[in-house]
$ cat model_22.tsv   # TSV, N, CA and C atoms
chain	number	residue	atom	x	y	z
G	1	MET	N	-131.94	-127.56	-52.67
G	1	MET	CA	-132.17	-126.74	-51.49
G	1	MET	C	-133.57	-126.17	-51.58
G	2	THR	N	-134.33	-126.33	-50.49
G	2	THR	CA	-135.69	-125.82	-50.43
G	2	THR	C	-135.81	-124.83	-49.28
G	3	LEU	N	-136.20	-123.61	-49.61
G	3	LEU	CA	-136.41	-122.58	-48.60
G	3	LEU	C	-137.80	-122.02	-48.76
G	4	LYS	N	-138.41	-121.69	-47.64
G	4	LYS	CA	-139.74	-121.08	-47.66
G	4	LYS	C	-139.74	-119.88	-46.74
G	5	ILE	N	-140.22	-118.77	-47.25
G	5	ILE	CA	-140.32	-117.56	-46.45
G	5	ILE	C	-141.78	-117.40	-46.03
G	6	ASP	N	-141.99	-117.31	-44.73
G	6	ASP	CA	-143.34	-117.15	-44.18
G	6	ASP	C	-143.51	-115.69	-43.79
G	7	ILE	N	-144.36	-114.98	-44.54
G	7	ILE	CA	-144.54	-113.55	-44.27
G	7	ILE	C	-145.23	-113.31	-42.93
G	8	ASP	N	-145.89	-114.32	-42.39
G	8	ASP	CA	-146.55	-114.18	-41.10
G	8	ASP	C	-145.62	-114.50	-39.92
G	9	ASP	N	-144.42	-114.99	-40.23
G	9	ASP	CA	-143.44	-115.32	-39.20
G	9	ASP	C	-142.90	-114.02	-38.59
G	10	SER	N	-142.69	-114.02	-37.29
G	10	SER	CA	-142.16	-112.81	-36.64
G	10	SER	C	-140.68	-112.60	-36.97
G	11	ALA	N	-139.99	-113.66	-37.39
G	11	ALA	CA	-138.57	-113.52	-37.76
G	11	ALA	C	-138.47	-112.82	-39.11
G	12	PRO	N	-137.52	-111.90	-39.24
G	12	PRO	CA	-137.36	-111.22	-40.53
G	12	PRO	C	-136.91	-112.21	-41.61
G	13	PRO	N	-137.20	-111.89	-42.88
G	13	PRO	CA	-136.86	-112.82	-43.97
G	13	PRO	C	-135.39	-113.24	-44.00
G	14	TYR	N	-134.45	-112.31	-43.75
G	14	TYR	CA	-133.04	-112.71	-43.80
G	14	TYR	C	-132.75	-113.76	-42.74
G	15	GLU	N	-133.39	-113.64	-41.56
G	15	GLU	CA	-133.18	-114.60	-40.48
G	15	GLU	C	-133.79	-115.95	-40.85
G	16	GLN	N	-134.91	-115.94	-41.53
G	16	GLN	CA	-135.53	-117.19	-41.98
G	16	GLN	C	-134.60	-117.90	-42.97
G	17	VAL	N	-134.01	-117.14	-43.90
G	17	VAL	CA	-133.07	-117.71	-44.87
G	17	VAL	C	-131.86	-118.27	-44.12
G	18	ARG	N	-131.30	-117.48	-43.21
G	18	ARG	CA	-130.12	-117.91	-42.46
G	18	ARG	C	-130.40	-119.18	-41.68
G	19	THR	N	-131.52	-119.21	-40.97
G	19	THR	CA	-131.86	-120.36	-40.14
G	19	THR	C	-132.07	-121.61	-40.98
G	20	GLN	N	-132.80	-121.49	-42.07
G	20	GLN	CA	-133.10	-122.67	-42.89
G	20	GLN	C	-131.84	-123.23	-43.55
G	21	ILE	N	-130.98	-122.37	-44.07
G	21	ILE	CA	-129.75	-122.86	-44.68
G	21	ILE	C	-128.86	-123.49	-43.62
G	22	SER	N	-128.76	-122.84	-42.46
G	22	SER	CA	-127.93	-123.38	-41.38
G	22	SER	C	-128.42	-124.75	-40.94
G	23	GLU	N	-129.73	-124.89	-40.74
G	23	GLU	CA	-130.29	-126.18	-40.32
G	23	GLU	C	-130.06	-127.25	-41.38
G	24	GLN	N	-130.25	-126.89	-42.65
G	24	GLN	CA	-130.07	-127.87	-43.72
G	24	GLN	C	-128.60	-128.28	-43.86
G	25	ALA	N	-127.69	-127.34	-43.63
G	25	ALA	CA	-126.25	-127.65	-43.69
G	25	ALA	C	-125.85	-128.54	-42.53
G	26	ARG	N	-126.31	-128.20	-41.34
G	26	ARG	CA	-125.91	-128.98	-40.16
G	26	ARG	C	-126.53	-130.38	-40.14
G	27	SER	N	-127.72	-130.52	-40.75
G	27	SER	CA	-128.36	-131.83	-40.78
G	27	SER	C	-127.85	-132.71	-41.92
G	28	GLY	N	-127.11	-132.12	-42.84
G	28	GLY	CA	-126.59	-132.89	-43.97
G	28	GLY	C	-127.47	-132.84	-45.20
G	29	VAL	N	-128.64	-132.19	-45.11
G	29	VAL	CA	-129.49	-132.03	-46.29
G	29	VAL	C	-128.70	-131.29	-47.37
G	30	LEU	N	-127.93	-130.28	-46.94
G	30	LEU	CA	-126.99	-129.59	-47.83
G	30	LEU	C	-125.60	-130.10	-47.45
G	31	PRO	N	-125.01	-130.94	-48.28
G	31	PRO	CA	-123.72	-131.52	-47.92
G	31	PRO	C	-122.58	-130.51	-48.02
G	32	VAL	N	-121.50	-130.81	-47.31
G	32	VAL	CA	-120.30	-129.98	-47.39
G	32	VAL	C	-119.89	-129.89	-48.87
G	33	GLY	N	-119.60	-128.68	-49.30
G	33	GLY	CA	-119.20	-128.46	-50.69
G	33	GLY	C	-120.34	-128.12	-51.62
G	34	TYR	N	-121.58	-128.21	-51.15
G	34	TYR	CA	-122.74	-127.88	-51.98
G	34	TYR	C	-122.66	-126.41	-52.38
G	35	ARG	N	-122.82	-126.15	-53.66
G	35	ARG	CA	-122.76	-124.77	-54.15
G	35	ARG	C	-124.14	-124.13	-54.00
G	36	LEU	N	-124.18	-123.03	-53.26
G	36	LEU	CA	-125.42	-122.30	-53.05
G	36	LEU	C	-125.72	-121.41	-54.26
G	37	PRO	N	-126.97	-121.07	-54.44
G	37	PRO	CA	-127.32	-120.14	-55.52
G	37	PRO	C	-126.66	-118.78	-55.28
G	38	THR	N	-126.53	-118.00	-56.33
G	38	THR	CA	-126.03	-116.65	-56.16
G	38	THR	C	-127.01	-115.85	-55.32
G	39	VAL	N	-126.54	-114.76	-54.77
G	39	VAL	CA	-127.41	-113.90	-53.97
G	39	VAL	C	-128.60	-113.46	-54.81
G	40	ARG	N	-128.31	-112.97	-56.02
G	40	ARG	CA	-129.40	-112.52	-56.89
G	40	ARG	C	-130.35	-113.64	-57.26
G	41	GLY	N	-129.79	-114.80	-57.59
G	41	GLY	CA	-130.62	-115.93	-57.99
G	41	GLY	C	-131.55	-116.37	-56.88
G	42	LEU	N	-131.02	-116.47	-55.67
G	42	LEU	CA	-131.85	-116.89	-54.55
G	42	LEU	C	-132.88	-115.82	-54.21
G	43	ALA	N	-132.47	-114.56	-54.27
G	43	ALA	CA	-133.40	-113.47	-53.99
G	43	ALA	C	-134.58	-113.51	-54.96
G	44	GLU	N	-134.29	-113.70	-56.23
G	44	GLU	CA	-135.35	-113.76	-57.24
G	44	GLU	C	-136.28	-114.94	-56.99
G	45	SER	N	-135.72	-116.10	-56.69
G	45	SER	CA	-136.56	-117.29	-56.50
G	45	SER	C	-137.43	-117.18	-55.25
G	46	LEU	N	-136.98	-116.42	-54.26
G	46	LEU	CA	-137.75	-116.27	-53.02
G	46	LEU	C	-138.60	-115.00	-53.01
G	47	GLY	N	-138.43	-114.16	-54.01
G	47	GLY	CA	-139.17	-112.91	-54.05
G	47	GLY	C	-138.69	-111.92	-53.00
G	48	LEU	N	-137.38	-111.93	-52.74
G	48	LEU	CA	-136.78	-111.04	-51.75
G	48	LEU	C	-135.82	-110.08	-52.42
G	49	ALA	N	-135.46	-109.03	-51.71
G	49	ALA	CA	-134.43	-108.11	-52.19
G	49	ALA	C	-133.07	-108.80	-52.09
G	50	ALA	N	-132.19	-108.49	-53.01
G	50	ALA	CA	-130.85	-109.07	-53.00
G	50	ALA	C	-130.12	-108.74	-51.70
G	51	ASN	N	-130.32	-107.55	-51.16
G	51	ASN	CA	-129.67	-107.18	-49.90
G	51	ASN	C	-130.11	-108.07	-48.74
G	52	THR	N	-131.34	-108.55	-48.79
G	52	THR	CA	-131.85	-109.43	-47.74
G	52	THR	C	-131.09	-110.75	-47.75
G	53	VAL	N	-130.94	-111.33	-48.94
G	53	VAL	CA	-130.19	-112.59	-49.06
G	53	VAL	C	-128.72	-112.36	-48.75
G	54	ALA	N	-128.16	-111.25	-49.20
G	54	ALA	CA	-126.76	-110.95	-48.92
G	54	ALA	C	-126.52	-110.87	-47.41
G	55	LYS	N	-127.45	-110.28	-46.69
G	55	LYS	CA	-127.33	-110.19	-45.22
G	55	LYS	C	-127.33	-111.59	-44.60
G	56	ALA	N	-128.20	-112.46	-45.09
G	56	ALA	CA	-128.25	-113.84	-44.59
G	56	ALA	C	-126.93	-114.56	-44.90
G	57	TYR	N	-126.42	-114.40	-46.12
G	57	TYR	CA	-125.16	-115.05	-46.49
G	57	TYR	C	-124.01	-114.54	-45.63
G	58	ARG	N	-123.97	-113.22	-45.35
G	58	ARG	CA	-122.90	-112.67	-44.50
G	58	ARG	C	-122.97	-113.29	-43.10
G	59	ALA	N	-124.18	-113.41	-42.56
G	59	ALA	CA	-124.34	-114.01	-41.23
G	59	ALA	C	-123.91	-115.47	-41.24
G	60	LEU	N	-124.28	-116.20	-42.29
G	60	LEU	CA	-123.90	-117.61	-42.39
G	60	LEU	C	-122.39	-117.77	-42.53
G	61	GLU	N	-121.77	-116.86	-43.27
G	61	GLU	CA	-120.33	-116.93	-43.41
G	61	GLU	C	-119.65	-116.62	-42.07
G	62	SER	N	-120.17	-115.65	-41.36
G	62	SER	CA	-119.65	-115.31	-40.05
G	62	SER	C	-119.79	-116.48	-39.08
G	63	ASP	N	-120.87	-117.24	-39.22
G	63	ASP	CA	-121.11	-118.42	-38.37
G	63	ASP	C	-120.28	-119.62	-38.79
G	64	GLY	N	-119.61	-119.54	-39.94
G	64	GLY	CA	-118.80	-120.65	-40.42
G	64	GLY	C	-119.61	-121.72	-41.13
G	65	VAL	N	-120.85	-121.42	-41.48
G	65	VAL	CA	-121.71	-122.41	-42.14
G	65	VAL	C	-121.42	-122.46	-43.64
G	66	ILE	N	-121.13	-121.29	-44.23
G	66	ILE	CA	-120.82	-121.23	-45.65
G	66	ILE	C	-119.50	-120.50	-45.85
G	67	GLU	N	-118.93	-120.66	-47.04
G	67	GLU	CA	-117.72	-119.93	-47.39
G	67	GLU	C	-117.85	-119.45	-48.82
G	68	THR	N	-117.39	-118.23	-49.03
G	68	THR	CA	-117.43	-117.65	-50.37
G	68	THR	C	-116.04	-117.78	-50.97
G	69	ARG	N	-116.00	-118.26	-52.19
G	69	ARG	CA	-114.73	-118.45	-52.89
G	69	ARG	C	-114.66	-117.51	-54.10
G	70	GLY	N	-114.84	-116.24	-53.81
G	70	GLY	CA	-114.76	-115.22	-54.86
G	70	GLY	C	-115.74	-115.49	-55.98
G	71	ARG	N	-115.24	-115.42	-57.21
G	71	ARG	CA	-116.09	-115.62	-58.39
G	71	ARG	C	-116.54	-117.07	-58.56
G	72	ASN	N	-115.93	-117.98	-57.80
G	72	ASN	CA	-116.30	-119.39	-57.92
G	72	ASN	C	-117.63	-119.70	-57.25
G	73	GLY	N	-118.08	-118.84	-56.35
G	73	GLY	CA	-119.38	-119.04	-55.72
G	73	GLY	C	-119.30	-119.20	-54.22
G	74	THR	N	-120.45	-119.57	-53.67
G	74	THR	CA	-120.61	-119.75	-52.23
G	74	THR	C	-120.97	-121.20	-51.96
G	75	PHE	N	-120.31	-121.80	-50.99
G	75	PHE	CA	-120.43	-123.23	-50.74
G	75	PHE	C	-120.68	-123.51	-49.26
G	76	VAL	N	-121.31	-124.66	-48.99
G	76	VAL	CA	-121.48	-125.12	-47.61
G	76	VAL	C	-120.09	-125.52	-47.10
G	77	ALA	N	-119.73	-124.98	-45.95
G	77	ALA	CA	-118.41	-125.23	-45.37
G	77	ALA	C	-118.45	-126.45	-44.47
G	78	ALA	N	-117.28	-127.00	-44.21
G	78	ALA	CA	-117.14	-128.08	-43.23
G	78	ALA	C	-117.13	-127.40	-41.87
G	79	ALA	N	-118.32	-127.16	-41.32
G	79	ALA	CA	-118.45	-126.27	-40.17
G	79	ALA	C	-118.53	-126.96	-38.82
G	80	GLY	N	-118.57	-128.27	-38.78
G	80	GLY	CA	-118.77	-128.95	-37.51
G	80	GLY	C	-117.77	-128.52	-36.45
G	81	ALA	N	-116.48	-128.67	-36.73
G	81	ALA	CA	-115.45	-128.33	-35.76
G	81	ALA	C	-115.42	-126.83	-35.50
G	82	ALA	N	-115.58	-126.03	-36.55
G	82	ALA	CA	-115.56	-124.58	-36.39
G	82	ALA	C	-116.72	-124.12	-35.51
G	83	ALA	N	-117.89	-124.70	-35.72
G	83	ALA	CA	-119.06	-124.33	-34.92
G	83	ALA	C	-118.84	-124.70	-33.46
G	84	GLU	N	-118.27	-125.87	-33.22
G	84	GLU	CA	-118.00	-126.29	-31.83
G	84	GLU	C	-117.00	-125.36	-31.16
G	85	ARG	N	-115.95	-124.95	-31.91
G	85	ARG	CA	-114.96	-124.02	-31.35
G	85	ARG	C	-115.61	-122.69	-31.02
G	86	GLU	N	-116.46	-122.20	-31.93
G	86	GLU	CA	-117.12	-120.92	-31.69
G	86	GLU	C	-118.06	-121.01	-30.50
G	87	LEU	N	-118.76	-122.12	-30.37
G	87	LEU	CA	-119.65	-122.31	-29.22
G	87	LEU	C	-118.86	-122.31	-27.91
G	88	ALA	N	-117.72	-123.01	-27.91
G	88	ALA	CA	-116.88	-123.05	-26.71
G	88	ALA	C	-116.35	-121.66	-26.38
G	89	SER	N	-116.00	-120.90	-27.39
G	89	SER	CA	-115.51	-119.54	-27.18
G	89	SER	C	-116.61	-118.65	-26.61
G	90	ALA	N	-117.82	-118.80	-27.14
G	90	ALA	CA	-118.95	-118.00	-26.64
G	90	ALA	C	-119.26	-118.37	-25.19
G	91	ALA	N	-119.17	-119.65	-24.87
G	91	ALA	CA	-119.41	-120.09	-23.49
G	91	ALA	C	-118.36	-119.51	-22.54
G	92	GLN	N	-117.11	-119.52	-22.98
G	92	GLN	CA	-116.04	-118.97	-22.16
G	92	GLN	C	-116.24	-117.48	-21.94
G	93	ALA	N	-116.63	-116.77	-22.99
G	93	ALA	CA	-116.89	-115.33	-22.87
G	93	ALA	C	-118.04	-115.08	-21.89
G	94	TYR	N	-119.06	-115.94	-21.94
G	94	TYR	CA	-120.19	-115.80	-21.01
G	94	TYR	C	-119.72	-115.98	-19.57
G	95	VAL	N	-118.92	-117.00	-19.34
G	95	VAL	CA	-118.42	-117.26	-17.99
G	95	VAL	C	-117.63	-116.06	-17.48
G	96	GLU	N	-116.76	-115.53	-18.31
G	96	GLU	CA	-115.97	-114.37	-17.91
G	96	GLU	C	-116.85	-113.18	-17.59
G	97	ARG	N	-117.87	-112.95	-18.41
G	97	ARG	CA	-118.79	-111.82	-18.17
G	97	ARG	C	-119.59	-112.03	-16.89
G	98	ALA	N	-120.08	-113.25	-16.68
G	98	ALA	CA	-120.86	-113.55	-15.48
G	98	ALA	C	-120.02	-113.32	-14.22
G	99	ARG	N	-118.76	-113.72	-14.26
G	99	ARG	CA	-117.88	-113.53	-13.10
G	99	ARG	C	-117.63	-112.05	-12.86
G	100	ARG	N	-117.42	-111.27	-13.94
G	100	ARG	CA	-117.22	-109.82	-13.78
G	100	ARG	C	-118.45	-109.16	-13.18
G	101	LEU	N	-119.63	-109.71	-13.49
G	101	LEU	CA	-120.87	-109.16	-12.95
G	101	LEU	C	-121.13	-109.61	-11.51
G	102	GLY	N	-120.29	-110.52	-11.02
G	102	GLY	CA	-120.41	-110.97	-9.65
G	102	GLY	C	-121.38	-112.13	-9.45
G	103	ALA	N	-121.79	-112.76	-10.54
G	103	ALA	CA	-122.71	-113.89	-10.43
G	103	ALA	C	-121.97	-115.13	-9.94
G	104	ASP	N	-122.61	-115.87	-9.04
G	104	ASP	CA	-122.01	-117.14	-8.64
G	104	ASP	C	-122.36	-118.20	-9.69
G	105	ARG	N	-121.77	-119.36	-9.54
G	105	ARG	CA	-121.94	-120.44	-10.52
G	105	ARG	C	-123.41	-120.80	-10.75
G	106	GLU	N	-124.16	-120.95	-9.69
G	106	GLU	CA	-125.57	-121.35	-9.81
G	106	GLU	C	-126.42	-120.29	-10.49
G	107	THR	N	-126.16	-119.03	-10.20
G	107	THR	CA	-126.90	-117.93	-10.84
G	107	THR	C	-126.59	-117.89	-12.33
G	108	ALA	N	-125.31	-118.04	-12.66
G	108	ALA	CA	-124.91	-118.03	-14.07
G	108	ALA	C	-125.53	-119.21	-14.82
G	109	LEU	N	-125.53	-120.38	-14.19
G	109	LEU	CA	-126.11	-121.56	-14.83
G	109	LEU	C	-127.62	-121.42	-14.97
G	110	ALA	N	-128.28	-120.84	-13.99
G	110	ALA	CA	-129.73	-120.62	-14.07
G	110	ALA	C	-130.06	-119.69	-15.24
G	111	ALA	N	-129.24	-118.66	-15.44
G	111	ALA	CA	-129.46	-117.74	-16.55
G	111	ALA	C	-129.33	-118.46	-17.89
G	112	VAL	N	-128.37	-119.35	-18.00
G	112	VAL	CA	-128.19	-120.12	-19.23
G	112	VAL	C	-129.39	-121.04	-19.45
G	113	ARG	N	-129.83	-121.71	-18.40
G	113	ARG	CA	-131.00	-122.59	-18.53
G	113	ARG	C	-132.23	-121.81	-18.99
G	114	ASP	N	-132.44	-120.64	-18.41
G	114	ASP	CA	-133.58	-119.79	-18.82
G	114	ASP	C	-133.47	-119.39	-20.28
G	115	ALA	N	-132.28	-119.00	-20.70
G	115	ALA	CA	-132.05	-118.59	-22.08
G	115	ALA	C	-132.26	-119.76	-23.04
G	116	LEU	N	-131.82	-120.95	-22.65
G	116	LEU	CA	-132.02	-122.13	-23.49
G	116	LEU	C	-133.50	-122.46	-23.63
G	117	ARG	N	-134.22	-122.39	-22.53
G	117	ARG	CA	-135.66	-122.65	-22.60
G	117	ARG	C	-136.35	-121.63	-23.51
G	118	ALA	N	-135.97	-120.38	-23.38
G	118	ALA	CA	-136.58	-119.33	-24.22
G	118	ALA	C	-136.17	-119.50	-25.68
G	119	GLY	N	-134.92	-119.80	-25.92
G	119	GLY	CA	-134.41	-119.88	-27.29
G	119	GLY	C	-134.82	-121.14	-28.04
G	120	TYR	N	-134.97	-122.23	-27.31
G	120	TYR	CA	-135.30	-123.50	-27.95
G	120	TYR	C	-136.75	-123.89	-27.73
G	121	GLY	N	-137.50	-123.05	-27.03
G	121	GLY	CA	-138.92	-123.32	-26.84
G	121	GLY	C	-139.23	-124.48	-25.92
G	122	GLU	N	-138.30	-124.81	-25.05
G	122	GLU	CA	-138.52	-125.92	-24.12
G	122	GLU	C	-139.23	-125.42	-22.88
G	123	GLY	N	-140.05	-126.26	-22.32
G	123	GLY	CA	-140.82	-125.90	-21.13
G	123	GLY	C	-140.04	-126.05	-19.93

$ encode --input "model_22.tsv" --output "structure tokens"
Amino acid sequence: MTLKIDIDDSAPPYEQVRTQISEQARSGVLPVGYRLPTVRGLAESLGLAANTVAKAYRALESDGVIETRGRNGTFVAAAGAAAERELASAAQAYVERARRLGADRETALAAVRDALRAGYGEG
């Protein structure tokens, strides 16, 4: 596993750790079952505070990307199906919120398109 923290990046270090591990897990660079370094070990190797790495690990676990097995360690989870379910749930929650706000279908879809362009850097 290779992670790089860019101090000039506007994203906070924990978010950089979270994003890089998530991308490597989803792309298969980190295979399902891969044992991640301990929080302290990774923090030391990256020159970060242990709480920073712990925050990234908590977010990754919440996203279903990793799973902690107590004293046995932290591992890359089989997250494909879980991630798709969570995405579908988030989309359904968005639709419900948009309807409560009185947005019609086209307005709601336009908001999603705008958010995707902003979030993924697409023109």

$ select_by_dssp --input "model_22.tsv" --residues "chain G" --states "strand (DSSP E or B)" --output "PyMOL selection string"
chain G and resi 35-36+66-68+74-76

$ closest_residue --input "model_22.tsv" --among "G:Ala108, G:Pro37, G:Ala54, G:Ile66" --to "Ser22 in chain G" --atoms "all atoms listed in the file"
G:Ile66

$ residues_near_point --input "model_22.tsv" --point "(-116.3, -127.8, -49.9)" --cutoff "8 Å" --atoms "only C-alpha atoms" --output "list in words"
Val32, Gly33, Tyr34, Phe75, Val76, Ala77 and Ala78 of chain G

$ residues_around --input "model_22.tsv" --residues "Val39 in chain G" --least-positions-apart "6" --cutoff "12 Å" --atoms "only C-alpha atoms" --output "JSON, numbers by chain"
{"G": [14, 17, 45, 46, 47, 48, 49, 50, 51, 52, 53, 54, 55, 56, 57, 58, 68, 73, 74]}

$ select_by_dssp --input "model_22.tsv" --residues "range 13-121 of chain G" --states "alpha helix (DSSP H)" --output "PyMOL selection string"
chain G and resi 13-27+39-46+50-62+80-100+105-120

$ atom_distance --input "model_22.tsv" --atom1 "CA of Asp8 in chain G" --atom2 "CA of Gln20 in chain G"
16.0 Å

$ atom_distance --input "model_22.tsv" --atom1 "CA of Ser62 in chain G" --atom2 "CA of Arg18 in chain G"
11.1 Å

$ closest_residue --input "model_22.tsv" --among "G:Val65, G:Ala88, G:Val112, G:Val95" --to "Pro31 in chain G" --atoms "only C-alpha atoms"
G:Val65

$ axis_aligned_box --input "model_22.tsv" --around "range 104-116 of chain G" --padding-each-side "5 Å" --output "AutoDock Vina command-line options"
--center_x -127.7 --center_y -119.2 --center_z -16.1 --size_x 21.8 --size_y 16.7 --size_z 25.0

$ atom_distance --input "model_22.tsv" --atom1 "CA of Glu67 in chain G" --atom2 "atom C of Gln92 in chain G"
25.6 Å
